[in-house]
Structure formats: C-alpha cells, structure tokens
$ cat query02.txt   # compact mmCIF, N, CA and C atoms
# COMPACT_ATOMS: atom_id res chain seq x y z
N MET Z 16 0.84 -1.20 0.00
CA MET Z 16 0.00 0.00 0.00
C MET Z 16 0.87 1.24 0.00
N MET Z 17 0.43 2.23 -0.72
CA MET Z 17 1.12 3.51 -0.73
C MET Z 17 0.80 4.24 0.58
N THR Z 18 1.68 5.16 0.94
CA THR Z 18 1.49 5.89 2.20
C THR Z 18 0.12 6.55 2.26
N ASN Z 19 -0.33 7.12 1.12
CA ASN Z 19 -1.62 7.78 1.09
C ASN Z 19 -2.76 6.82 1.43
N GLU Z 20 -2.69 5.59 0.89
CA GLU Z 20 -3.71 4.58 1.19
C GLU Z 20 -3.64 4.18 2.67
N ILE Z 21 -2.42 4.07 3.18
CA ILE Z 21 -2.23 3.73 4.59
C ILE Z 21 -2.84 4.83 5.46
N GLU Z 22 -2.56 6.09 5.09
CA GLU Z 22 -3.11 7.21 5.86
C GLU Z 22 -4.64 7.21 5.83
N GLN Z 23 -5.23 6.88 4.68
CA GLN Z 23 -6.69 6.82 4.58
C GLN Z 23 -7.24 5.74 5.51
N GLN Z 24 -6.58 4.58 5.52
CA GLN Z 24 -7.01 3.48 6.39
C GLN Z 24 -6.88 3.87 7.86
N ILE Z 25 -5.74 4.49 8.21
CA ILE Z 25 -5.51 4.93 9.59
C ILE Z 25 -6.56 5.96 10.00
N ASN Z 26 -6.89 6.85 9.07
CA ASN Z 26 -7.88 7.88 9.36
C ASN Z 26 -9.21 7.26 9.78
N LEU Z 27 -9.57 6.14 9.13
CA LEU Z 27 -10.82 5.45 9.48
C LEU Z 27 -10.75 4.81 10.87
N GLU Z 28 -9.54 4.54 11.34
CA GLU Z 28 -9.35 3.87 12.63
C GLU Z 28 -9.07 4.86 13.76
N THR Z 29 -9.04 6.14 13.44
CA THR Z 29 -8.76 7.19 14.42
C THR Z 29 -10.07 7.65 15.06
N ALA Z 30 -10.03 7.84 16.38
CA ALA Z 30 -11.25 8.23 17.08
C ALA Z 30 -10.95 9.16 18.24
N GLN Z 31 -11.96 9.90 18.63
CA GLN Z 31 -11.86 10.70 19.85
C GLN Z 31 -12.21 9.78 21.01
N ILE Z 32 -11.41 9.85 22.06
CA ILE Z 32 -11.62 8.99 23.23
C ILE Z 32 -11.16 9.74 24.47
N HIS Z 33 -11.79 9.46 25.60
CA HIS Z 33 -11.37 10.09 26.84
C HIS Z 33 -10.08 9.45 27.33
N TRP Z 34 -9.18 10.28 27.83
CA TRP Z 34 -7.88 9.81 28.32
C TRP Z 34 -8.04 8.69 29.36
N HIS Z 35 -9.08 8.78 30.19
CA HIS Z 35 -9.31 7.75 31.21
C HIS Z 35 -9.33 6.35 30.60
N GLU Z 36 -9.86 6.24 29.38
CA GLU Z 36 -9.98 4.94 28.73
C GLU Z 36 -8.66 4.41 28.19
N LEU Z 37 -7.63 5.24 28.22
CA LEU Z 37 -6.32 4.85 27.68
C LEU Z 37 -5.29 4.60 28.78
N GLN Z 38 -5.73 4.56 30.02
CA GLN Z 38 -4.81 4.43 31.15
C GLN Z 38 -3.94 3.18 31.08
N ARG Z 39 -4.52 2.06 30.64
CA ARG Z 39 -3.73 0.82 30.61
C ARG Z 39 -2.58 0.91 29.62
N PHE Z 40 -2.79 1.65 28.52
CA PHE Z 40 -1.71 1.83 27.54
C PHE Z 40 -0.61 2.72 28.13
N PHE Z 41 -1.04 3.76 28.83
CA PHE Z 41 -0.06 4.63 29.48
C PHE Z 41 0.72 3.85 30.53
N ALA Z 42 0.01 3.08 31.35
CA ALA Z 42 0.65 2.31 32.42
C ALA Z 42 1.66 1.31 31.88
N SER Z 43 1.40 0.77 30.69
CA SER Z 43 2.33 -0.21 30.10
C SER Z 43 3.41 0.46 29.26
N GLY Z 44 3.41 1.80 29.23
CA GLY Z 44 4.45 2.53 28.49
C GLY Z 44 4.22 2.57 26.99
N ASN Z 45 2.99 2.30 26.55
CA ASN Z 45 2.71 2.24 25.12
C ASN Z 45 1.92 3.43 24.58
N ALA Z 46 1.76 4.48 25.39
CA ALA Z 46 1.05 5.67 24.92
C ALA Z 46 2.07 6.68 24.39
N ILE Z 47 1.91 7.05 23.13
CA ILE Z 47 2.83 7.97 22.47
C ILE Z 47 2.09 9.28 22.19
N SER Z 48 2.67 10.37 22.65
CA SER Z 48 2.08 11.69 22.44
C SER Z 48 2.55 12.26 21.10
N VAL Z 49 1.60 12.78 20.34
CA VAL Z 49 1.89 13.42 19.06
C VAL Z 49 1.48 14.89 19.18
N ASP Z 50 2.42 15.78 18.93
CA ASP Z 50 2.17 17.22 19.04
C ASP Z 50 1.01 17.63 18.14
N PRO Z 51 0.15 18.55 18.60
CA PRO Z 51 -1.00 18.99 17.81
C PRO Z 51 -0.61 19.66 16.48
N THR Z 52 0.63 20.07 16.34
CA THR Z 52 1.05 20.70 15.08
C THR Z 52 1.27 19.67 13.97
N LEU Z 53 1.32 18.39 14.34
CA LEU Z 53 1.52 17.33 13.36
C LEU Z 53 0.19 16.66 13.00
N ASP Z 54 0.14 16.07 11.81
CA ASP Z 54 -1.02 15.30 11.37
C ASP Z 54 -0.90 13.90 11.96
N LEU Z 55 -1.83 13.55 12.83
CA LEU Z 55 -1.78 12.27 13.53
C LEU Z 55 -1.73 11.08 12.57
N THR Z 56 -2.53 11.12 11.52
CA THR Z 56 -2.55 9.98 10.59
C THR Z 56 -1.23 9.89 9.82
N HIS Z 57 -0.62 11.03 9.53
CA HIS Z 57 0.67 11.01 8.83
C HIS Z 57 1.75 10.40 9.73
N VAL Z 58 1.77 10.81 10.98
CA VAL Z 58 2.75 10.25 11.93
C VAL Z 58 2.55 8.73 12.05
N ALA Z 59 1.29 8.31 12.20
CA ALA Z 59 0.99 6.88 12.31
C ALA Z 59 1.46 6.13 11.07
N ALA Z 60 1.23 6.70 9.89
CA ALA Z 60 1.65 6.06 8.64
C ALA Z 60 3.17 5.92 8.56
N GLN Z 61 3.89 6.92 9.09
CA GLN Z 61 5.35 6.85 9.07
C GLN Z 61 5.85 5.76 10.02
N ILE Z 62 5.13 5.53 11.11
CA ILE Z 62 5.48 4.45 12.03
C ILE Z 62 5.22 3.10 11.35
N VAL Z 63 4.07 2.98 10.69
CA VAL Z 63 3.74 1.75 9.96
C VAL Z 63 4.81 1.47 8.90
N ALA Z 64 5.25 2.53 8.21
CA ALA Z 64 6.25 2.40 7.14
C ALA Z 64 7.66 2.22 7.70
N ASP Z 65 7.81 2.29 9.03
CA ASP Z 65 9.10 2.17 9.69
C ASP Z 65 10.11 3.21 9.18
N ASN Z 66 9.61 4.45 9.02
CA ASN Z 66 10.44 5.56 8.57
C ASN Z 66 11.20 6.12 9.77
N ALA Z 67 12.22 5.39 10.18
CA ALA Z 67 12.97 5.72 11.41
C ALA Z 67 13.59 7.12 11.36
N ALA Z 68 14.07 7.53 10.19
CA ALA Z 68 14.72 8.84 10.08
C ALA Z 68 13.74 9.96 10.40
N GLN Z 69 12.53 9.90 9.83
CA GLN Z 69 11.52 10.94 10.09
C GLN Z 69 11.07 10.90 11.54
N ILE Z 70 10.83 9.72 12.06
CA ILE Z 70 10.38 9.58 13.45
C ILE Z 70 11.42 10.14 14.41
N LYS Z 71 12.70 9.86 14.13
CA LYS Z 71 13.79 10.39 14.96
C LYS Z 71 13.80 11.92 14.93
N LEU Z 72 13.59 12.51 13.76
CA LEU Z 72 13.54 13.98 13.66
C LEU Z 72 12.43 14.54 14.56
N TRP Z 73 11.26 13.92 14.49
CA TRP Z 73 10.14 14.37 15.33
C TRP Z 73 10.45 14.19 16.80
N MET Z 74 11.06 13.06 17.14
CA MET Z 74 11.39 12.80 18.55
C MET Z 74 12.44 13.80 19.04
N ASP Z 75 13.46 14.04 18.23
CA ASP Z 75 14.51 14.99 18.62
C ASP Z 75 13.93 16.39 18.81
N ALA Z 76 12.89 16.72 18.04
CA ALA Z 76 12.25 18.04 18.15
C ALA Z 76 11.21 18.08 19.27
N GLY Z 77 11.00 16.92 19.94
CA GLY Z 77 10.03 16.86 21.03
C GLY Z 77 8.58 16.83 20.55
N LEU Z 78 8.36 16.47 19.29
CA LEU Z 78 7.01 16.46 18.73
C LEU Z 78 6.32 15.10 18.85
N VAL Z 79 7.12 14.05 18.98
CA VAL Z 79 6.60 12.68 19.16
C VAL Z 79 7.40 12.06 20.28
N ASP Z 80 6.72 11.61 21.34
CA ASP Z 80 7.43 11.06 22.49
C ASP Z 80 6.45 10.28 23.36
N ALA Z 81 6.99 9.48 24.25
CA ALA Z 81 6.13 8.80 25.22
C ALA Z 81 5.37 9.85 26.02
N VAL Z 82 4.13 9.55 26.36
CA VAL Z 82 3.35 10.47 27.18
C VAL Z 82 4.04 10.58 28.54
N LYS Z 83 4.31 11.80 28.95
CA LYS Z 83 4.98 12.08 30.23
C LYS Z 83 3.98 11.99 31.39
N ASP Z 84 4.49 11.67 32.56
CA ASP Z 84 3.64 11.56 33.75
C ASP Z 84 2.84 12.84 33.99
N THR Z 85 3.49 13.99 33.84
CA THR Z 85 2.80 15.27 34.11
C THR Z 85 1.66 15.48 33.12
N GLN Z 86 1.89 15.13 31.84
CA GLN Z 86 0.86 15.27 30.82
C GLN Z 86 -0.29 14.32 31.11
N ALA Z 87 0.05 13.08 31.45
CA ALA Z 87 -0.97 12.08 31.75
C ALA Z 87 -1.84 12.52 32.93
N GLN Z 88 -1.21 13.08 33.96
CA GLN Z 88 -1.93 13.54 35.14
C GLN Z 88 -2.88 14.68 34.78
N GLU Z 89 -2.39 15.62 33.98
CA GLU Z 89 -3.21 16.76 33.56
C GLU Z 89 -4.42 16.28 32.76
N TRP Z 90 -4.18 15.39 31.79
CA TRP Z 90 -5.28 14.86 30.99
C TRP Z 90 -6.26 14.08 31.86
N TYR Z 91 -5.73 13.35 32.83
CA TYR Z 91 -6.59 12.56 33.72
C TYR Z 91 -7.51 13.48 34.52
N GLU Z 92 -6.92 14.52 35.10
CA GLU Z 92 -7.70 15.46 35.92
C GLU Z 92 -8.76 16.16 35.10
N GLN Z 93 -8.47 16.44 33.84
CA GLN Z 93 -9.42 17.13 32.96
C GLN Z 93 -10.40 16.15 32.30
N ASN Z 94 -10.17 14.84 32.48
CA ASN Z 94 -10.88 13.82 31.72
C ASN Z 94 -10.85 14.22 30.24
N ALA Z 95 -9.66 14.57 29.77
CA ALA Z 95 -9.47 15.13 28.44
C ALA Z 95 -9.95 14.19 27.35
N LEU Z 96 -10.51 14.79 26.32
CA LEU Z 96 -10.87 14.07 25.10
C LEU Z 96 -9.68 14.22 24.16
N VAL Z 97 -9.19 13.12 23.65
CA VAL Z 97 -8.01 13.14 22.78
C VAL Z 97 -8.31 12.36 21.50
N TRP Z 98 -7.53 12.64 20.46
CA TRP Z 98 -7.56 11.80 19.27
C TRP Z 98 -6.63 10.64 19.54
N ALA Z 99 -7.01 9.45 19.12
CA ALA Z 99 -6.16 8.29 19.35
C ALA Z 99 -6.28 7.31 18.18
N VAL Z 100 -5.17 6.62 17.93
CA VAL Z 100 -5.16 5.55 16.93
C VAL Z 100 -4.18 4.49 17.40
N VAL Z 101 -4.55 3.24 17.22
CA VAL Z 101 -3.70 2.13 17.64
C VAL Z 101 -2.80 1.72 16.47
N ILE Z 102 -1.50 1.76 16.72
CA ILE Z 102 -0.49 1.21 15.81
C ILE Z 102 0.29 0.26 16.70
N LYS Z 103 -0.14 -1.00 16.73
CA LYS Z 103 0.39 -1.97 17.70
C LYS Z 103 1.91 -1.98 17.71
N PRO Z 104 2.51 -1.97 18.92
CA PRO Z 104 1.86 -2.08 20.23
C PRO Z 104 1.49 -0.73 20.83
N TRP Z 105 1.63 0.34 20.07
CA TRP Z 105 1.43 1.68 20.62
C TRP Z 105 0.03 2.22 20.37
N VAL Z 106 -0.31 3.19 21.21
CA VAL Z 106 -1.48 4.02 20.96
C VAL Z 106 -0.95 5.44 20.82
N LEU Z 107 -1.17 6.02 19.64
CA LEU Z 107 -0.76 7.41 19.42
C LEU Z 107 -1.90 8.29 19.91
N VAL Z 108 -1.53 9.29 20.70
CA VAL Z 108 -2.50 10.17 21.35
C VAL Z 108 -2.17 11.61 21.00
N GLN Z 109 -3.19 12.35 20.63
CA GLN Z 109 -2.99 13.77 20.31
C GLN Z 109 -4.08 14.58 21.01
N PRO Z 110 -3.66 15.61 21.76
CA PRO Z 110 -4.67 16.43 22.44
C PRO Z 110 -5.54 17.15 21.42
N ILE Z 111 -6.80 17.32 21.77
CA ILE Z 111 -7.72 18.08 20.93
C ILE Z 111 -7.65 19.51 21.41
N ILE Z 112 -7.20 20.38 20.53
CA ILE Z 112 -7.08 21.81 20.88
C ILE Z 112 -8.41 22.49 20.59
N LYS Z 113 -8.95 23.08 21.64
CA LYS Z 113 -10.23 23.77 21.48
C LYS Z 113 -9.98 25.11 20.76
N GLN Z 114 -10.75 25.33 19.73
CA GLN Z 114 -10.63 26.58 18.96
C GLN Z 114 -11.30 27.71 19.74
N THR Z 115 -10.65 28.85 19.78
CA THR Z 115 -11.25 30.02 20.41
C THR Z 115 -11.44 31.08 19.34
N TYR Z 116 -12.63 31.61 19.30
CA TYR Z 116 -12.95 32.61 18.28
C TYR Z 116 -13.31 33.91 18.90

$ encode --input "query02.txt" --output "structure tokens"
Amino acid sequence: MMTNEIEQQINLETAQIHWHELQRFFASGNAISVDPTLDLTHVAAQIVADNAAQIKLWMDAGLVDAVKDTQAQEWYEQNALVWAVVIKPWVLVQPIIKQTY
C-alpha cells in the first residue's frame, strides 16, 4: 500500500476517546504523544512504514514522544478528550485543541 492509502485506512481507525480509557496503555508505556502541530494519521503512517529517520527527527524536536507523567496527570484530571489511533503495540494520542474565536 502507498502511504496515502495507509493514511486513509488509519484515518478510518482514528477516534476521539477520553484519556481515562487509555490508562492501561499509558501504564504499560505504550502511549505515544503526538504534538498537535503534526497530522496524527501522517505520523501513524510513518510508524507503519518504519520511517525511522523521520520519526527520529520528530522525537529529537520533542514532537513525538512517550506520554509524560505530568501530561498524563493533567489529561486525567481534565478527563481530556483526545484523538487516538492504535499502531500496535502503541497508541498514538494527540490532544484536541479547542478553537477560540
């Protein structure tokens, strides 16, 4: 499959979910935070494609990383709604930024 097809498939598997429902993934170290400036489906597709060079660039820039304890606690307290997609064994999580007008 081409990356575009992979991204389309991933997009269908992406959903909004409350952080509380993802606690077991966080506890097992499998929750990956994706910065809101990145396209979640694109990041997921690069992981599927094993594009280590691109993933390393994002990680070095702090845009893709394991969910930190402080972030997890904040999301837990807010019962935050996040975008999530499973790319086994990981769950990629992206905060939903509320638009202010």

$ select_by_dssp --input "query02.txt" --residues "chain Z" --states "strand (DSSP E or B)" --output "list in words"
Ala30, Gln31, Ile32, His33, Ala46, Ile47, Ser48, Val49, Val79, Asp80, Ala81, Leu96, Val97, Trp98, Ala99, Val100, Val101, Ile102, Trp105, Val106, Leu107, Val108, Gln109 and Pro110 of chain Z

$ closest_residue --input "query02.txt" --among "Z:Gly44, Z:Ala67, Z:Asp50, Z:Ala60" --to "Z:Val100" --atoms "only C-alpha atoms"
Z:Ala60

$ residues_around --input "query02.txt" --residues "Z:Ala87" --least-positions-apart "4" --cutoff "9 Å" --atoms "only C-alpha atoms" --output "PyMOL selection string"
chain Z and resi 34+38+41+82-83+91-92

$ write_last_selection --input "query02.txt" --atoms "N, CA and C atoms" --output "PDB file, in the frame of the given file"
ATOM      1  N   TRP Z  34      -9.180  10.280  27.830  1.00  0.00           N
ATOM      2  CA  TRP Z  34      -7.880   9.810  28.320  1.00  0.00           C
ATOM      3  C   TRP Z  34      -8.040   8.690  29.360  1.00  0.00           C
ATOM      4  N   GLN Z  38      -5.730   4.560  30.020  1.00  0.00           N
ATOM      5  CA  GLN Z  38      -4.810   4.430  31.150  1.00  0.00           C
ATOM      6  C   GLN Z  38      -3.940   3.180  31.080  1.00  0.00           C
ATOM      7  N   PHE Z  41      -1.040   3.760  28.830  1.00  0.00           N
ATOM      8  CA  PHE Z  41      -0.060   4.630  29.480  1.00  0.00           C
ATOM      9  C   PHE Z  41       0.720   3.850  30.530  1.00  0.00           C
ATOM     10  N   VAL Z  82       4.130   9.550  26.360  1.00  0.00           N
ATOM     11  CA  VAL Z  82       3.350  10.470  27.180  1.00  0.00           C
ATOM     12  C   VAL Z  82       4.040  10.580  28.540  1.00  0.00           C
ATOM     13  N   LYS Z  83       4.310  11.800  28.950  1.00  0.00           N
ATOM     14  CA  LYS Z  83       4.980  12.080  30.230  1.00  0.00           C
ATOM     15  C   LYS Z  83       3.980  11.990  31.390  1.00  0.00           C
ATOM     16  N   TYR Z  91      -5.730  13.350  32.830  1.00  0.00           N
ATOM     17  CA  TYR Z  91      -6.590  12.560  33.720  1.00  0.00           C
ATOM     18  C   TYR Z  91      -7.510  13.480  34.520  1.00  0.00           C
ATOM     19  N   GLU Z  92      -6.920  14.520  35.100  1.00  0.00           N
ATOM     20  CA  GLU Z  92      -7.700  15.460  35.920  1.00  0.00           C
ATOM     21  C   GLU Z  92      -8.760  16.160  35.100  1.00  0.00           C
TER      22      GLU Z  92
END

$ residues_around --input "query02.txt" --residues "stretch 52-57 of chain Z" --least-positions-apart "5" --cutoff "6.5 Å" --atoms "only N, CA and C atoms" --output "list in words"
Glu22, Ile25, Asn26 and Ile62 of chain Z

$ residues_around --input "query02.txt" --residues "Z:Leu96" --least-positions-apart "2" --cutoff "5 Å" --atoms "all atoms listed in the file" --output "compact mmCIF listing (two decimals) with N, CA and C atoms, keeping the file's coordinate frame"
# COMPACT_ATOMS: atom_id res chain seq x y z
N ILE Z 32 -11.41 9.85 22.06
CA ILE Z 32 -11.62 8.99 23.23
C ILE Z 32 -11.16 9.74 24.47
N HIS Z 33 -11.79 9.46 25.60
CA HIS Z 33 -11.37 10.09 26.84
C HIS Z 33 -10.08 9.45 27.33
N TRP Z 34 -9.18 10.28 27.83
CA TRP Z 34 -7.88 9.81 28.32
C TRP Z 34 -8.04 8.69 29.36
N ASN Z 94 -10.17 14.84 32.48
CA ASN Z 94 -10.88 13.82 31.72
C ASN Z 94 -10.85 14.22 30.24
N TRP Z 98 -7.53 12.64 20.46
CA TRP Z 98 -7.56 11.80 19.27
C TRP Z 98 -6.63 10.64 19.54
N ILE Z 111 -6.80 17.32 21.77
CA ILE Z 111 -7.72 18.08 20.93
C ILE Z 111 -7.65 19.51 21.41

$ atom_distance --input "query02.txt" --atom1 "atom CA of Z:Pro51" --atom2 "atom CA of Z:Leu37"
18.0 Å

$ atom_distance --input "query02.txt" --atom1 "atom CA of Z:Ala76" --atom2 "atom CA of Z:Glu20"
26.9 Å

$ decode --input "query02.txt" --residues "stretch 42-62 of chain Z" --atoms "N, CA and C atoms" --output "JSON list (two decimals), in the first residue's frame"
[["chain", "number", "residue", "atom", "x", "y", "z"],
["Z", 42, "ALA", "N", 0.01, 3.08, 31.35],
["Z", 42, "ALA", "CA", 0.65, 2.31, 32.42],
["Z", 42, "ALA", "C", 1.66, 1.31, 31.88],
["Z", 43, "SER", "N", 1.40, 0.77, 30.69],
["Z", 43, "SER", "CA", 2.33, -0.21, 30.10],
["Z", 43, "SER", "C", 3.41, 0.46, 29.26],
["Z", 44, "GLY", "N", 3.41, 1.80, 29.23],
["Z", 44, "GLY", "CA", 4.45, 2.53, 28.49],
["Z", 44, "GLY", "C", 4.22, 2.57, 26.99],
["Z", 45, "ASN", "N", 2.99, 2.30, 26.55],
["Z", 45, "ASN", "CA", 2.71, 2.24, 25.12],
["Z", 45, "ASN", "C", 1.92, 3.43, 24.58],
["Z", 46, "ALA", "N", 1.76, 4.48, 25.39],
["Z", 46, "ALA", "CA", 1.05, 5.67, 24.92],
["Z", 46, "ALA", "C", 2.07, 6.68, 24.39],
["Z", 47, "ILE", "N", 1.91, 7.05, 23.13],
["Z", 47, "ILE", "CA", 2.83, 7.97, 22.47],
["Z", 47, "ILE", "C", 2.09, 9.28, 22.19],
["Z", 48, "SER", "N", 2.67, 10.37, 22.65],
["Z", 48, "SER", "CA", 2.08, 11.69, 22.44],
["Z", 48, "SER", "C", 2.55, 12.26, 21.10],
["Z", 49, "VAL", "N", 1.60, 12.78, 20.34],
["Z", 49, "VAL", "CA", 1.89, 13.42, 19.06],
["Z", 49, "VAL", "C", 1.48, 14.89, 19.18],
["Z", 50, "ASP", "N", 2.42, 15.78, 18.93],
["Z", 50, "ASP", "CA", 2.17, 17.22, 19.04],
["Z", 50, "ASP", "C", 1.01, 17.63, 18.14],
["Z", 51, "PRO", "N", 0.15, 18.55, 18.60],
["Z", 51, "PRO", "CA", -1.00, 18.99, 17.81],
["Z", 51, "PRO", "C", -0.61, 19.66, 16.48],
["Z", 52, "THR", "N", 0.63, 20.07, 16.34],
["Z", 52, "THR", "CA", 1.05, 20.70, 15.08],
["Z", 52, "THR", "C", 1.27, 19.67, 13.97],
["Z", 53, "LEU", "N", 1.32, 18.39, 14.34],
["Z", 53, "LEU", "CA", 1.52, 17.33, 13.36],
["Z", 53, "LEU", "C", 0.19, 16.66, 13.00],
["Z", 54, "ASP", "N", 0.14, 16.07, 11.81],
["Z", 54, "ASP", "CA", -1.02, 15.30, 11.37],
["Z", 54, "ASP", "C", -0.90, 13.90, 11.96],
["Z", 55, "LEU", "N", -1.83, 13.55, 12.83],
["Z", 55, "LEU", "CA", -1.78, 12.27, 13.53],
["Z", 55, "LEU", "C", -1.73, 11.08, 12.57],
["Z", 56, "THR", "N", -2.53, 11.12, 11.52],
["Z", 56, "THR", "CA", -2.55, 9.98, 10.59],
["Z", 56, "THR", "C", -1.23, 9.89, 9.82],
["Z", 57, "HIS", "N", -0.62, 11.03, 9.53],
["Z", 57, "HIS", "CA", 0.67, 11.01, 8.83],
["Z", 57, "HIS", "C", 1.75, 10.40, 9.73],
["Z", 58, "VAL", "N", 1.77, 10.81, 10.98],
["Z", 58, "VAL", "CA", 2.75, 10.25, 11.93],
["Z", 58, "VAL", "C", 2.55, 8.73, 12.05],
["Z", 59, "ALA", "N", 1.29, 8.31, 12.20],
["Z", 59, "ALA", "CA", 0.99, 6.88, 12.31],
["Z", 59, "ALA", "C", 1.46, 6.13, 11.07],
["Z", 60, "ALA", "N", 1.23, 6.70, 9.89],
["Z", 60, "ALA", "CA", 1.65, 6.06, 8.64],
["Z", 60, "ALA", "C", 3.17, 5.92, 8.56],
["Z", 61, "GLN", "N", 3.89, 6.92, 9.09],
["Z", 61, "GLN", "CA", 5.35, 6.85, 9.07],
["Z", 61, "GLN", "C", 5.85, 5.76, 10.02],
["Z", 62, "ILE", "N", 5.13, 5.53, 11.11],
["Z", 62, "ILE", "CA", 5.48, 4.45, 12.03],
["Z", 62, "ILE", "C", 5.22, 3.10, 11.35]]
